Amino acid sequence: MRRLGVFALAVLLLVAGCSSAEPADPSQPAAGTLRVFAGSELADLQPVLDEAAKATGVQVKFTFTGTLEGAEALAKGSVDGKYDAVWFSSNRYPAGIPDANKRLGNQAKIMRSPVVLGLSAPVAQRLGWDKKAPTWGDIAAAAGRKEFSYGMTDPSASNSGFSALVGVASALASAGTAIDAKQIETVTPQLTQFFSAQQMSAGSSGWLSDAFQKRATGQDPGQKVDGLINYESVLLSLNASGKLPQPLTLIYPTDGVVTADYPLTLLNGASDAARTAHQKLSDYLRTPDVQRRIMTTTQRRPAVPGVQLGQQFASHDLVELPFPATQQAVDALLSAYFSKIRRPSRTLYLLDTSGSMRDGRIEALRSALSGLTGADSSLVGRYRQFRSREEVTMLPFNTQPGMPTTFTVPEQYPQPELAKIKDYVGGLTANGGTAIYDTLQHGYQVLEPLVAKDPDRFNSIVLMTDGQNENGSDLAAFKAAFGSLPPAMRQIPVFTVLFGEGSGDELGQVASLTGGKVFDARNVQLASVFQEIRGYQ
């Protein structure tokens, strides 16, 4: 993977992976309203905020944002005048960037949640970790021996994933100080061991938790995994839901964790009224009774000293691992993760090139895919391009499936191969009908020998269409055929992209059947949706 830009790395992962932001309201807020730019994981705090509105008169108006989208908006100043405060999982990243840091004002830490490992009880017992907590080194060694498997979010898309990467790298370095680029190189073999056991990836903590639960209960055809690396709050909420066959045992590595502290942060350009509202709300949320209410509602720890932890928190005293002190260290960590450490990806793109895609739509598709080759130089674009060692297959379709073309991005000097992909997508043209399900079934036939030849990859299918199925087999035929696919094929998620007049109901059924997710590109740019999907591949 090409060396990532320093600016982009510095703002990586402000929040957990989220859906795209709602359109911002540029008008002045109503009296008593605090306009907050936040990660969607805070939606679970709404009952507490409803109570806060009654007690303080301060009404929170959330606009949820994606990870990198939020970072870019803050640094570029597009939050100015539209929002009064930001509320992310951590302020470590923007505080180190002049253009973002200058917009951050008073902050109040509201709650805390460390990133830890949750394992099914039998696996934790077999490893002996239910009685004696391991170090991150112990966990990495067991992962390398394939003694357990786990899911984790993409560290370029979600704070929980990046916190886990930082935590295990810092602990393995055993330096006692923030990890640097040289130390990252030293611990790369152990990190490779650790991530060899990762079987699930996702762009958000919430989706990962839901997918894990569905796999555990057989609702999802994907391969079952033994556990998750996620926020403690997500794991506790999953246990409390009662939806798992058996609860997860939370593992707190003895050498430390990285913790999100959720600072409600006033923007420096906020009005006096907003400053007053921020102070009122922060004071209310930090009162002992409300801190206890937050614990029971969200499973996050109190941020205020002296508030007793609930019984659900088995480990009380946690060692906090140091965060990378330099942008160069973050650069080295992410570059090593994508270029050497993480299992590489394989993605099959099924691309609608029917006649209805003519003019602006086919151009939007060309632009979206071209952006993934590095043509998009924005902050989000730099993180969403095709990565080294990744295998990409393009399969256009109209009245019938076209010819598949496969590209493999090399670890060294990826530019020539990326240029080939760009040239290929630039040549896409629109004609003919729409054979969605014939193409999807053909896609599995294309993937089967590739998976058999090199099974140690994250596999996914992206199905993008702008219309209804017009030719060939229908959804019912696909469903019938899906059950007879080899197990390895049934475990590949299909991420469907709803565009134009595509059928949301049918694409939703495809995503649900295969363990994927629907992405709606009808009211947002197609390029942003393709970028968002990258966090799940």
# chains A, B, ... in the order shown; residues from 1 in each chain; ligands from 1

call {"tool": "select_by_dssp", "arguments": {"residues": "segment 217-435 of chain A", "states": "alpha helix (DSSP H)", "output": "MDAnalysis selection string"}}
result
chainID A and resid 232:241 272:285 288:298 327:336 360:370 379:384 415:426

call {"tool": "closest_atom_pairs", "arguments": {"of": "segment 179-266 of chain A", "to": "segment 140-149 of chain A", "cutoff": "9 Å", "atoms": "only C-alpha atoms", "output": "tab-separated table"}}
result
residue	atom	partner	partner_atom	distance
A:Gln190	CA	A:Ala140	CA	6.4
A:Leu191	CA	A:Ala140	CA	7.0
A:Thr192	CA	A:Gly144	CA	7.9
A:Gln193	CA	A:Gly144	CA	4.2
A:Phe194	CA	A:Ala140	CA	4.1
A:Phe195	CA	A:Ala143	CA	7.3
A:Ser196	CA	A:Gly144	CA	6.2
A:Ala197	CA	A:Ser149	CA	4.8
A:Gln198	CA	A:Ser149	CA	5.8
A:Gln199	CA	A:Ser149	CA	6.3
A:Met200	CA	A:Ser149	CA	8.9
A:Lys224	CA	A:Ser149	CA	8.7
A:Val225	CA	A:Ser149	CA	5.3
A:Asp226	CA	A:Ser149	CA	5.2
A:Gly227	CA	A:Ser149	CA	6.5
A:Leu228	CA	A:Ser149	CA	8.5

call {"tool": "write_last_selection", "arguments": {"atoms": "C-alpha atoms", "output": "short mmCIF file (atom, residue, chain, number, x, y, z; two decimals), in the first residue's frame"}}
result
data_model
loop_
_atom_site.label_atom_id
_atom_site.label_comp_id
_atom_site.auth_asym_id
_atom_site.auth_seq_id
_atom_site.Cartn_x
_atom_site.Cartn_y
_atom_site.Cartn_z
CA GLN A 190 3.68 -11.09 16.37
CA LEU A 191 1.01 -8.79 14.97
CA THR A 192 0.77 -11.02 11.92
CA GLN A 193 0.17 -13.97 14.24
CA PHE A 194 -2.51 -12.04 16.09
CA PHE A 195 -4.44 -11.00 12.97
CA SER A 196 -4.19 -14.40 11.31
CA ALA A 197 -7.13 -15.45 13.53
CA GLN A 198 -9.37 -12.59 12.41
CA GLN A 199 -12.31 -14.01 10.47
CA MET A 200 -14.71 -11.04 10.33
CA LYS A 224 -19.10 -18.78 13.08
CA VAL A 225 -16.32 -17.14 15.05
CA ASP A 226 -15.35 -17.56 18.68
CA GLY A 227 -15.40 -13.94 19.76
CA LEU A 228 -15.15 -10.23 19.11
#

call {"tool": "residues_around", "arguments": {"residues": "Thr177 of chain A", "least_positions_apart": "6", "cutoff": "9 Å", "atoms": "only C-alpha atoms", "output": "list in words"}}
result
Ser170, Leu321, Pro322, Phe323, Pro324 and Ala325 of chain A

call {"tool": "atom_distance", "arguments": {"atom1": "atom CA of Trp87 of chain A", "atom2": "atom CA of Val258 of chain A"}}
result
18.1 Å

call {"tool": "residues_around", "arguments": {"residues": "Asp317 of chain A", "least_positions_apart": "3", "cutoff": "12 Å", "atoms": "only C-alpha atoms", "output": "PyMOL selection string"}}
result
chain A and resi 114+252-257+301+309+313-314+320

call {"tool": "residues_around", "arguments": {"residues": "Pro47 of chain A", "least_positions_apart": "2", "cutoff": "10 Å", "atoms": "only C-alpha atoms", "output": "ChimeraX atom specification"}}
result
/A:43-45,49-52,293-294,297-298

call {"tool": "closest_residue", "arguments": {"among": "A:Tyr337, A:Tyr383, A:Tyr444, A:Tyr83", "to": "Tyr349 of chain A", "atoms": "only C-alpha atoms"}}
result
A:Tyr444

call {"tool": "residues_around", "arguments": {"residues": "Phe478 of chain A", "least_positions_apart": "5", "cutoff": "10 Å", "atoms": "only C-alpha atoms", "output": "list in words"}}
result
Ile436, Tyr437, Asp438, Leu440, Gln441, Ser473, Gly483 and Val510 of chain A

call {"tool": "decode", "arguments": {"residues": "segment 313-324 of chain A", "atoms": "N, CA, C and O atoms", "output": "CSV table (one decimal), in the first residue's frame"}}
result
chain,number,residue,atom,x,y,z
A,313,PHE,N,-19.4,-4.9,35.4
A,313,PHE,CA,-18.0,-4.6,35.1
A,313,PHE,C,-17.1,-5.5,35.9
A,313,PHE,O,-16.8,-5.2,37.1
A,314,ALA,N,-16.6,-6.6,35.4
A,314,ALA,CA,-15.9,-7.6,36.1
A,314,ALA,C,-14.5,-7.1,36.5
A,314,ALA,O,-14.0,-7.4,37.6
A,315,SER,N,-13.9,-6.3,35.6
A,315,SER,CA,-12.5,-5.8,35.9
A,315,SER,C,-12.6,-4.3,36.2
A,315,SER,O,-13.1,-3.5,35.4
A,316,HIS,N,-12.2,-3.9,37.4
A,316,HIS,CA,-12.3,-2.6,37.8
A,316,HIS,C,-11.1,-1.7,37.5
A,316,HIS,O,-11.2,-0.6,37.0
A,317,ASP,N,-9.9,-2.2,37.8
A,317,ASP,CA,-8.7,-1.4,37.6
A,317,ASP,C,-8.0,-1.8,36.3
A,317,ASP,O,-7.5,-2.9,36.2
A,318,LEU,N,-8.1,-0.9,35.3
A,318,LEU,CA,-7.5,-1.2,34.0
A,318,LEU,C,-6.2,-0.4,33.8
A,318,LEU,O,-6.2,0.8,34.1
A,319,VAL,N,-5.2,-1.0,33.2
A,319,VAL,CA,-4.0,-0.4,32.8
A,319,VAL,C,-4.3,0.3,31.4
A,319,VAL,O,-4.7,-0.4,30.5
A,320,GLU,N,-4.0,1.6,31.3
A,320,GLU,CA,-4.2,2.3,30.1
A,320,GLU,C,-2.9,2.3,29.3
A,320,GLU,O,-1.9,2.8,29.7
A,321,LEU,N,-3.0,1.8,28.1
A,321,LEU,CA,-1.8,1.8,27.2
A,321,LEU,C,-1.6,3.1,26.5
A,321,LEU,O,-2.5,3.8,26.2
A,322,PRO,N,-0.3,3.5,26.3
A,322,PRO,CA,0.0,4.8,25.7
A,322,PRO,C,-0.4,4.8,24.2
A,322,PRO,O,-0.3,3.8,23.5
A,323,PHE,N,-0.9,5.9,23.8
A,323,PHE,CA,-1.3,6.1,22.4
A,323,PHE,C,-0.1,6.5,21.6
A,323,PHE,O,0.8,7.2,22.1
A,324,PRO,N,0.0,6.2,20.3
A,324,PRO,CA,1.2,6.6,19.5
A,324,PRO,C,1.4,8.2,19.6
A,324,PRO,O,0.4,8.9,19.4
